[in-house]
file target-v1.txt (compact mmCIF, C-alpha atoms)
# COMPACT_ATOMS: atom_id res chain seq x y z
CA MET A 20 -10.27 2.31 4.25
CA ASP A 21 -8.09 3.95 1.68
CA GLN A 22 -4.47 3.06 2.12
CA ASN A 23 -1.89 4.85 0.04
CA ASP A 24 1.33 3.10 0.94
CA TYR A 25 1.37 -0.66 1.14
CA LEU A 26 5.16 -0.88 1.13
CA THR A 27 7.29 0.36 3.96
CA SER A 28 10.96 0.31 4.78
CA ASP A 29 10.15 0.86 8.45
CA PRO A 30 9.34 -1.92 10.92
CA ILE A 31 5.70 -3.01 10.76
CA ASP A 32 3.85 -2.41 14.00
CA GLU A 33 0.97 -4.80 14.68
CA ALA A 34 -0.54 -2.16 16.91
CA GLU A 35 -1.27 -0.01 13.85
CA TRP A 36 -3.73 -2.59 12.54
CA GLN A 37 -5.14 -3.47 15.93
CA ALA A 38 -5.84 0.18 16.70
CA PHE A 39 -8.43 0.52 13.92
CA ALA A 40 -12.00 0.76 15.17
CA VAL A 41 -14.20 -2.19 14.25
CA ASP A 42 -17.45 -1.36 12.48
CA PRO A 43 -20.47 -2.51 14.54
CA HIS A 44 -21.58 -4.65 11.57
CA ASP A 45 -18.32 -6.60 11.63
CA GLY A 46 -18.15 -9.73 13.73
CA ALA A 47 -14.93 -11.07 12.27
CA CYS A 48 -11.41 -9.68 12.42
CA VAL A 49 -8.77 -11.85 10.75
CA GLU A 50 -5.12 -11.05 10.35
CA PHE A 51 -2.09 -12.75 8.89
CA VAL A 52 1.36 -11.77 10.08
CA GLY A 53 4.39 -13.16 8.28
CA ARG A 54 7.71 -12.98 10.09
CA ALA A 55 11.26 -13.62 8.96
CA ARG A 56 12.17 -17.20 9.81
CA GLY A 57 15.56 -17.95 11.32
CA THR A 58 16.38 -20.58 8.73
CA GLU A 59 16.05 -20.94 4.97
CA GLY A 60 16.49 -24.35 3.45
CA GLY A 61 17.76 -25.59 6.79
CA GLU A 62 20.52 -22.99 6.98
CA PRO A 63 20.49 -20.29 9.65
CA ILE A 64 20.05 -16.83 8.20
CA ARG A 65 21.22 -13.42 9.30
CA TYR A 66 18.32 -11.48 7.79
CA LEU A 67 15.97 -11.23 4.82
CA ALA A 68 16.35 -8.51 2.22
CA TYR A 69 13.31 -7.43 0.19
CA GLU A 70 13.59 -5.63 -3.13
CA ALA A 71 10.49 -4.22 -4.80
CA TYR A 72 9.56 -2.54 -8.05
CA ALA A 73 7.87 -0.12 -5.72
CA PRO A 74 5.52 1.93 -7.90
CA MET A 75 4.20 -1.15 -9.64
CA ALA A 76 4.01 -3.17 -6.42
CA GLU A 77 1.81 -0.45 -4.94
CA ARG A 78 -0.49 -0.62 -7.96
CA VAL A 79 -0.61 -4.42 -7.96
CA ILE A 80 -1.44 -4.59 -4.26
CA ALA A 81 -4.09 -1.90 -4.69
CA ALA A 82 -5.67 -4.00 -7.46
CA ILE A 83 -5.57 -7.11 -5.24
CA VAL A 84 -7.24 -5.19 -2.43
CA ALA A 85 -9.89 -3.93 -4.84
CA GLU A 86 -10.49 -7.46 -6.07
CA ALA A 87 -10.91 -8.70 -2.48
CA GLN A 88 -13.38 -5.90 -1.78
CA ARG A 89 -15.29 -6.82 -4.92
CA ARG A 90 -15.51 -10.49 -3.95
CA TRP A 91 -16.31 -10.18 -0.27
CA SER A 92 -18.10 -7.77 2.02
CA LEU A 93 -15.14 -6.13 3.75
CA HIS A 94 -15.31 -2.95 5.75
CA ARG A 95 -11.60 -2.70 6.30
CA VAL A 96 -8.53 -4.09 4.57
CA TYR A 97 -5.00 -3.58 5.82
CA VAL A 98 -1.82 -4.50 4.00
CA ARG A 99 1.77 -3.70 4.88
CA HIS A 100 4.78 -5.26 3.16
CA ARG A 101 8.37 -4.59 4.13
CA THR A 102 11.18 -3.57 1.85
CA GLY A 103 14.84 -3.55 2.76
CA ARG A 104 16.44 -5.57 5.52
CA VAL A 105 14.17 -7.56 7.86
CA ALA A 106 15.77 -9.14 10.91
CA VAL A 107 14.83 -12.63 12.05
CA GLY A 108 11.58 -12.45 13.98
CA GLN A 109 10.55 -9.12 12.51
CA ILE A 110 7.33 -8.79 10.54
CA ALA A 111 7.80 -9.02 6.77
CA VAL A 112 4.16 -8.73 5.77
CA ALA A 113 0.87 -8.11 7.54
CA VAL A 114 -2.66 -8.44 6.18
CA GLY A 115 -5.87 -7.77 8.09
CA VAL A 116 -9.57 -7.66 7.27
CA HIS A 117 -12.77 -6.77 9.08
CA ALA A 118 -15.95 -8.42 7.78
CA PRO A 119 -19.38 -9.34 9.08
CA HIS A 120 -18.67 -13.10 9.24
CA ARG A 121 -15.66 -15.35 9.66
CA GLU A 122 -16.08 -17.22 6.38
CA GLU A 123 -15.57 -14.13 4.26
CA ALA A 124 -12.91 -12.75 6.60
CA PHE A 125 -10.80 -15.92 6.43
CA ALA A 126 -11.30 -16.28 2.68
CA ALA A 127 -10.41 -12.67 1.96
CA CYS A 128 -7.35 -12.71 4.18
CA ARG A 129 -6.11 -15.92 2.52
CA PHE A 130 -6.73 -14.49 -0.94
CA LEU A 131 -4.93 -11.27 -0.11
CA ILE A 132 -1.74 -12.82 1.24
CA ASP A 133 -1.57 -15.48 -1.48
CA ALA A 134 -2.18 -12.99 -4.28
CA ILE A 135 0.32 -10.51 -2.89
CA LYS A 136 2.98 -13.19 -2.61
CA CYS A 137 2.33 -14.34 -6.17
CA GLU A 138 1.62 -11.12 -8.03
CA ALA A 139 3.35 -8.18 -6.38
CA PRO A 140 6.78 -7.49 -7.91
CA ILE A 141 8.74 -8.10 -4.73
CA TRP A 142 11.81 -10.31 -4.35
CA LYS A 143 13.25 -11.78 -1.20
CA VAL A 144 16.79 -12.85 -0.54
CA ALA A 145 17.83 -14.69 2.58
CA VAL A 146 21.29 -13.63 3.68
CA THR A 147 23.24 -16.25 5.57
CA ARG A 148 26.65 -16.24 7.18
CA THR A 149 28.00 -17.96 4.08
CA GLY A 150 26.42 -15.70 1.48
CA ARG A 151 23.14 -15.01 -0.23
CA LEU A 152 20.40 -17.57 -0.70
CA GLN A 153 17.62 -17.06 -3.19
CA PRO A 154 14.48 -18.45 -1.62
CA ALA A 155 12.08 -20.49 -3.71
CA VAL A 156 9.60 -18.50 -5.73
CA CYS A 157 5.91 -18.47 -5.09
CA ASN A 158 4.42 -21.85 -5.94
CA HIS A 159 0.80 -21.48 -4.95
CA ALA A 160 -1.33 -23.55 -7.26
CA ALA A 161 -5.05 -23.42 -7.93
CA PRO A 162 -5.23 -20.81 -10.66
CA ALA A 163 -8.68 -19.58 -11.49
CA VAL A 164 -7.93 -17.24 -14.33
CA ARG A 165 -4.61 -16.85 -16.02
CA GLU A 166 -3.34 -13.49 -17.09
CA GLU A 167 -1.76 -12.97 -20.44
CA ASN A 168 1.93 -13.73 -20.60
CA GLN A 169 1.64 -15.94 -17.54
CA SER A 170 5.04 -17.50 -17.58
CA THR A 171 5.84 -17.82 -13.92
CA SER A 172 5.20 -20.76 -11.67
CA CYS A 173 2.36 -18.90 -10.06
CA SER A 174 -0.96 -17.91 -11.48
CA MET A 175 -3.31 -16.50 -8.92
CA SER A 176 -6.55 -15.09 -10.17
CA LEU A 177 -6.54 -11.42 -10.84
CA LYS A 178 -9.04 -11.33 -13.63
CA THR A 179 -10.12 -7.79 -12.98
CA ALA A 180 -6.71 -6.47 -12.10
CA ASN A 181 -6.14 -3.34 -14.09
CA VAL A 182 -2.56 -2.84 -13.11
CA MET B 24 8.78 7.81 -38.33
CA HIS B 25 11.98 6.87 -36.52
CA ALA B 26 13.74 3.74 -37.62
CA GLU B 27 14.70 2.96 -34.03
CA ILE B 28 13.17 3.31 -30.62
CA THR B 29 15.00 3.72 -27.34
CA LEU B 30 13.70 1.89 -24.28
CA ARG B 31 14.55 1.99 -20.60
CA LEU B 32 14.90 -1.53 -19.21
CA LEU B 33 14.70 -2.31 -15.50
CA CYS B 34 16.02 -5.55 -14.02
CA PHE B 35 14.99 -7.00 -10.68
CA GLY B 36 15.72 -9.87 -8.35
CA PRO B 37 18.10 -12.56 -9.61
CA LEU B 38 18.21 -10.92 -13.03
CA VAL B 39 20.37 -8.14 -11.61
CA ASP B 40 23.15 -10.61 -10.83
CA CYS B 41 23.06 -12.04 -14.36
CA VAL B 42 22.94 -8.73 -16.17
CA GLY B 43 25.22 -6.91 -13.76
CA ARG B 44 23.09 -3.80 -13.56
CA ARG B 45 19.63 -2.70 -12.58
CA GLU B 46 18.92 -0.44 -15.49
CA LEU B 47 19.99 -0.23 -19.10
CA THR B 48 19.01 1.40 -22.36
CA LEU B 49 18.04 -0.71 -25.35
CA ARG B 50 17.62 0.38 -28.94
CA LEU B 51 15.33 -1.65 -31.14
CA PRO B 52 13.75 -1.21 -34.57
CA ALA B 53 10.52 0.76 -34.59
CA SER B 54 7.44 -1.43 -33.99
CA ALA B 55 9.51 -3.92 -32.00
CA SER B 56 7.55 -6.11 -29.61
CA VAL B 57 8.15 -7.17 -26.03
CA ALA B 58 9.30 -10.53 -27.37
CA ASP B 59 11.85 -8.71 -29.54
CA ALA B 60 13.21 -6.92 -26.48
CA ILE B 61 13.50 -10.19 -24.58
CA GLY B 62 15.22 -11.75 -27.57
CA ARG B 63 17.75 -8.95 -27.68
CA MET B 64 18.41 -9.36 -23.98
CA ARG B 65 19.04 -13.08 -24.48
CA GLU B 66 21.60 -12.22 -27.14
CA LEU B 67 23.30 -9.63 -24.97
CA TYR B 68 23.21 -11.70 -21.77
CA PRO B 69 23.15 -15.42 -22.61
CA ASP B 70 23.60 -16.35 -18.97
CA ALA B 71 20.35 -14.59 -18.15
CA ALA B 72 18.31 -16.59 -20.66
CA PRO B 73 16.84 -19.08 -18.15
CA ILE B 74 15.64 -16.27 -15.90
CA LEU B 75 14.40 -14.21 -18.85
CA ASN B 76 12.41 -17.23 -20.04
CA ALA B 77 10.68 -17.40 -16.65
CA SER B 78 10.12 -13.66 -16.30
CA ARG B 79 7.01 -11.62 -16.79
CA VAL B 80 7.23 -8.23 -18.42
CA ALA B 81 5.62 -4.95 -17.44
CA VAL B 82 5.58 -1.89 -19.66
CA ASN B 83 5.03 1.36 -17.84
CA GLN B 84 4.10 -0.67 -14.74
CA ARG B 85 1.47 -2.84 -16.41
CA PHE B 86 1.81 -6.53 -17.19
CA VAL B 87 1.92 -7.10 -20.94
CA SER B 88 2.09 -10.03 -23.32
CA GLY B 89 4.98 -10.85 -25.63
CA ASP B 90 3.30 -9.50 -28.73
CA SER B 91 2.73 -6.04 -27.26
CA VAL B 92 4.31 -3.37 -29.42
CA LEU B 93 6.77 -1.04 -27.76
CA VAL B 94 7.08 2.67 -28.35
CA ALA B 95 9.94 5.06 -27.75
CA GLY B 96 10.42 5.95 -24.13
CA ASP B 97 8.65 2.90 -22.70
CA GLU B 98 9.82 1.69 -19.31
CA VAL B 99 10.18 -2.06 -19.68
CA ALA B 100 10.52 -3.99 -16.42
CA LEU B 101 11.78 -7.56 -16.52
CA LEU B 102 10.20 -9.35 -13.56
CA PRO B 103 11.64 -12.72 -12.55
CA PRO B 104 9.34 -15.01 -10.55
CA VAL B 105 8.49 -13.08 -7.41
CA SER B 106 9.15 -14.13 -3.82
CA GLY B 107 7.45 -11.61 -1.59
CA GLY B 108 5.82 -12.29 1.73

call {"tool": "encode", "arguments": {"input": "target-v1.txt", "output": "structure tokens"}}
result
Amino acid sequence: MDQNDYLTSDPIDEAEWQAFAVDPHDGACVEFVGRARGTEGGEPIRYLAYEAYAPMAERVIAAIVAEAQRRWSLHRVYVRHRTGRVAVGQIAVAVGVHAPHREEAFAACRFLIDAIKCEAPIWKVAVTRTGRLQPAVCNHAAPAVREENQSTSCSMSLKTANV
Amino acid sequence: MHAEITLRLLCFGPLVDCVGRRELTLRLPASASVADAIGRMRELYPDAAPILNASRVAVNQRFVSGDSVLVAGDEVALLPPVSGG
């Protein structure tokens, strides 16, 4: 599946992903849906606000999707990431894959969400009743290959990412 | 050859609060590197130094290393540690 827009300022509808036909060769459909939690650091929040360097985020996510398709046999990959204000309980990010077997489907879905969280230039702020909170940055470990100029706390593998 | 180059800098995330703006123009000597641009930003915005030290840099939407040479008109994005998802 070719997907042009991974970012959206509109609410993410799970039905969009679930409506895709499943290829007869695919026995595994795995999805990850991330929703805005009602608390951040123990403090109740009003909403999350996502800011993105949109054109680059689209390219980075496209490269992550391409990397997942290179590593695993995937017939369909779905990614949607919110920008703007996301109310508590609303979907902030959704990732889905169709693959022949569950091992590759789980692995690909995990790779996709972890890499997107670590690599895509997107920033989240939790807004509370008392002001803004800056949530902790991505801290996924287990780097496989480090990119040049890797100075953040995160270093997911994107060795073929041409972004 | 021009003695100076003009760059468009974009700030994101917590860097916006430190710098006070999302976008600015920077003039640097010709053949300046990404590290030179970061160094100039540290001089201009000392409070932003900790975030700049932790930031990655993209030029024209591609991640680059500190020794990459900049050319006039480059769009330089300063990307603090991300927090998507």

call {"tool": "atom_distance", "arguments": {"input": "target-v1.txt", "atom1": "atom CA of Ala145 of chain A", "atom2": "atom CA of Arg54 of chain A"}}
result
12.7 Å

call {"tool": "atom_distance", "arguments": {"input": "target-v1.txt", "atom1": "atom CA of Glu70 of chain A", "atom2": "atom CA of Lys143 of chain A"}}
result
6.5 Å

call {"tool": "residues_around", "arguments": {"input": "target-v1.txt", "residues": "Val39 of chain B", "least_positions_apart": "6", "cutoff": "10 Å", "atoms": "only C-alpha atoms", "output": "list in words"}}
result
Leu33, Arg45, Glu46, Ala71, Leu101 and Pro103 of chain B

call {"tool": "residues_near_point", "arguments": {"input": "target-v1.txt", "point": "(19.2, -9.7, -8.9)", "cutoff": "12 Å", "atoms": "only C-alpha atoms", "output": "compact mmCIF listing (two decimals) with C-alpha atoms, in the frame of the given file"}}
result
# COMPACT_ATOMS: atom_id res chain seq x y z
CA ALA A 68 16.35 -8.51 2.22
CA TYR A 69 13.31 -7.43 0.19
CA GLU A 70 13.59 -5.63 -3.13
CA ALA A 71 10.49 -4.22 -4.80
CA ILE A 141 8.74 -8.10 -4.73
CA TRP A 142 11.81 -10.31 -4.35
CA LYS A 143 13.25 -11.78 -1.20
CA VAL A 144 16.79 -12.85 -0.54
CA ARG A 151 23.14 -15.01 -0.23
CA LEU A 152 20.40 -17.57 -0.70
CA GLN A 153 17.62 -17.06 -3.19
CA LEU B 33 14.70 -2.31 -15.50
CA CYS B 34 16.02 -5.55 -14.02
CA PHE B 35 14.99 -7.00 -10.68
CA GLY B 36 15.72 -9.87 -8.35
CA PRO B 37 18.10 -12.56 -9.61
CA LEU B 38 18.21 -10.92 -13.03
CA VAL B 39 20.37 -8.14 -11.61
CA ASP B 40 23.15 -10.61 -10.83
CA CYS B 41 23.06 -12.04 -14.36
CA VAL B 42 22.94 -8.73 -16.17
CA GLY B 43 25.22 -6.91 -13.76
CA ARG B 44 23.09 -3.80 -13.56
CA ARG B 45 19.63 -2.70 -12.58
CA GLU B 46 18.92 -0.44 -15.49
CA ALA B 71 20.35 -14.59 -18.15
CA ILE B 74 15.64 -16.27 -15.90
CA LEU B 75 14.40 -14.21 -18.85
CA LEU B 101 11.78 -7.56 -16.52
CA LEU B 102 10.20 -9.35 -13.56
CA PRO B 103 11.64 -12.72 -12.55
CA PRO B 104 9.34 -15.01 -10.55
CA VAL B 105 8.49 -13.08 -7.41

call {"tool": "atom_distance", "arguments": {"input": "target-v1.txt", "atom1": "atom CA of Val49 of chain A", "atom2": "atom CA of Val114 of chain A"}}
result
8.4 Å

call {"tool": "interface_residues", "arguments": {"input": "target-v1.txt", "of": "chain B", "to": "chain A", "cutoff": "9 Å", "atoms": "all atoms listed in the file", "output": "PyMOL selection string"}}
result
chain B and resi 35-37+76-81+83-89+100+102-108

call {"tool": "closest_residue", "arguments": {"input": "target-v1.txt", "among": "A:Val107, A:Ile64, A:Val96, A:Ala134", "to": "Arg148 of chain A", "atoms": "all atoms listed in the file"}}
result
A:Ile64

call {"tool": "axis_aligned_box", "arguments": {"input": "target-v1.txt", "around": "segment 35-46 of chain A", "padding_each_side": "4 Å", "output": "JSON"}}
result
{"center_x": -11.4, "center_y": -4.5, "center_z": 14.1, "size_x": 28.3, "size_y": 18.5, "size_z": 13.1}

call {"tool": "closest_residue", "arguments": {"input": "target-v1.txt", "among": "A:Val41, A:Val98, A:Ala124, A:Leu93", "to": "Ala81 of chain A", "atoms": "all atoms listed in the file"}}
result
A:Val98

call {"tool": "residues_around", "arguments": {"input": "target-v1.txt", "residues": "Glu50 of chain A", "least_positions_apart": "5", "cutoff": "9 Å", "atoms": "only C-alpha atoms", "output": "VMD selection string"}}
result
chain A and resid 36 97 113 to 117 124 to 125 128

call {"tool": "residues_near_point", "arguments": {"input": "target-v1.txt", "point": "(12.3, 5.8, -31.4)", "cutoff": "10 Å", "atoms": "all atoms listed in the file", "output": "ChimeraX atom specification"}}
result
/B:24-30,50-54,93-97

call {"tool": "residues_around", "arguments": {"input": "target-v1.txt", "residues": "Tyr66 of chain A", "least_positions_apart": "3", "cutoff": "6 Å", "atoms": "all atoms listed in the file", "output": "MDAnalysis selection string"}}
result
chainID A and resid 105:107 146

call {"tool": "write_last_selection", "arguments": {"input": "target-v1.txt", "atoms": "C-alpha atoms", "output": "mmCIF file, keeping the file's coordinate frame"}}
result
data_model
loop_
_atom_site.group_PDB
_atom_site.id
_atom_site.type_symbol
_atom_site.label_atom_id
_atom_site.label_comp_id
_atom_site.auth_asym_id
_atom_site.auth_seq_id
_atom_site.Cartn_x
_atom_site.Cartn_y
_atom_site.Cartn_z
ATOM 1 C CA VAL A 105 14.170 -7.560 7.860
ATOM 2 C CA ALA A 106 15.770 -9.140 10.910
ATOM 3 C CA VAL A 107 14.830 -12.630 12.050
ATOM 4 C CA VAL A 146 21.290 -13.630 3.680
#

call {"tool": "decode", "arguments": {"input": "target-v1.txt", "residues": "segment 55-145 of chain A", "atoms": "C-alpha atoms", "output": "compact mmCIF listing (two decimals), in the first residue's frame"}}
result
# COMPACT_ATOMS: atom_id res chain seq x y z
CA ALA A 55 -3.59 10.10 25.00
CA ARG A 56 -3.32 9.13 28.65
CA GLY A 57 -5.20 11.15 31.25
CA THR A 58 -2.11 11.72 33.35
CA GLU A 59 1.51 12.65 32.73
CA GLY A 60 3.98 12.20 35.53
CA GLY A 61 1.08 11.58 37.89
CA GLU A 62 -0.61 14.87 37.06
CA PRO A 63 -3.98 14.97 35.30
CA ILE A 64 -3.75 16.51 31.86
CA ARG A 65 -6.20 18.46 29.76
CA TYR A 66 -4.84 17.33 26.39
CA LEU A 67 -1.70 16.51 24.43
CA ALA A 68 -0.36 18.86 21.77
CA TYR A 69 1.80 17.46 18.96
CA GLU A 70 4.13 19.61 16.90
CA ALA A 71 5.86 18.15 13.85
CA TYR A 72 8.44 19.20 11.31
CA ALA A 73 5.86 17.91 8.90
CA PRO A 74 7.66 17.53 5.57
CA MET A 75 10.61 15.82 7.19
CA ALA A 76 8.42 13.69 9.46
CA GLU A 77 6.62 12.38 6.38
CA ARG A 78 9.95 11.46 4.79
CA VAL A 79 11.29 9.85 7.95
CA ILE A 80 8.17 7.75 8.44
CA ALA A 81 8.22 6.74 4.77
CA ALA A 82 11.82 5.57 5.23
CA ILE A 83 10.85 3.61 8.36
CA VAL A 84 8.00 1.96 6.49
CA ALA A 85 10.35 1.09 3.63
CA GLU A 86 12.83 -0.38 6.09
CA ALA A 87 10.09 -2.52 7.66
CA GLN A 88 9.03 -3.73 4.22
CA ARG A 89 12.64 -4.59 3.44
CA ARG A 90 13.07 -6.59 6.63
CA TRP A 91 9.80 -8.46 6.73
CA SER A 92 7.27 -9.83 4.28
CA LEU A 93 4.47 -7.30 4.68
CA HIS A 94 1.58 -6.89 2.30
CA ARG A 95 0.16 -3.86 4.02
CA VAL A 96 1.53 -1.20 6.34
CA TYR A 97 -0.57 1.52 7.89
CA VAL A 98 0.70 4.50 9.85
CA ARG A 99 -1.18 7.52 11.11
CA HIS A 100 0.24 10.06 13.56
CA ARG A 101 -1.68 13.01 14.94
CA THR A 102 -0.58 16.60 14.98
CA GLY A 103 -2.24 19.37 16.94
CA ARG A 104 -4.41 18.92 19.99
CA VAL A 105 -5.34 15.38 21.05
CA ALA A 106 -7.93 14.99 23.79
CA VAL A 107 -7.54 12.40 26.53
CA GLY A 108 -8.64 9.03 25.18
CA GLN A 109 -8.22 10.03 21.54
CA ILE A 110 -5.83 8.15 19.29
CA ALA A 111 -2.42 9.81 18.96
CA VAL A 112 -0.79 7.21 16.73
CA ALA A 113 -1.88 4.05 14.95
CA VAL A 114 0.26 1.43 13.23
CA GLY A 115 -0.99 -1.69 11.48
CA VAL A 116 0.54 -4.48 9.42
CA HIS A 117 -0.69 -7.47 7.46
CA ALA A 118 1.77 -10.34 7.05
CA PRO A 119 1.68 -14.07 6.41
CA HIS A 120 2.67 -15.04 9.98
CA ARG A 121 2.39 -13.55 13.45
CA GLU A 122 6.13 -13.46 14.16
CA GLU A 123 6.87 -11.04 11.36
CA ALA A 124 3.67 -9.08 11.97
CA PHE A 125 4.45 -8.51 15.65
CA ALA A 126 8.11 -7.73 14.95
CA ALA A 127 7.31 -5.28 12.17
CA CYS A 128 4.62 -3.51 14.16
CA ARG A 129 6.96 -3.16 17.15
CA PHE A 130 9.76 -1.86 14.93
CA LEU A 131 7.48 0.65 13.25
CA ILE A 132 6.08 2.23 16.39
CA ASP A 133 9.43 2.29 18.18
CA ALA A 134 11.26 3.78 15.21
CA ILE A 135 8.57 6.38 14.61
CA LYS A 136 8.66 7.45 18.23
CA CYS A 137 12.44 7.72 18.17
CA GLU A 138 13.17 9.08 14.71
CA ALA A 139 10.27 11.11 13.40
CA PRO A 140 10.66 14.83 14.18
CA ILE A 141 7.53 15.10 16.30
CA TRP A 142 7.26 16.67 19.75
CA LYS A 143 4.58 16.16 22.34
CA VAL A 144 3.55 18.49 25.11
CA ALA A 145 1.12 17.51 27.82
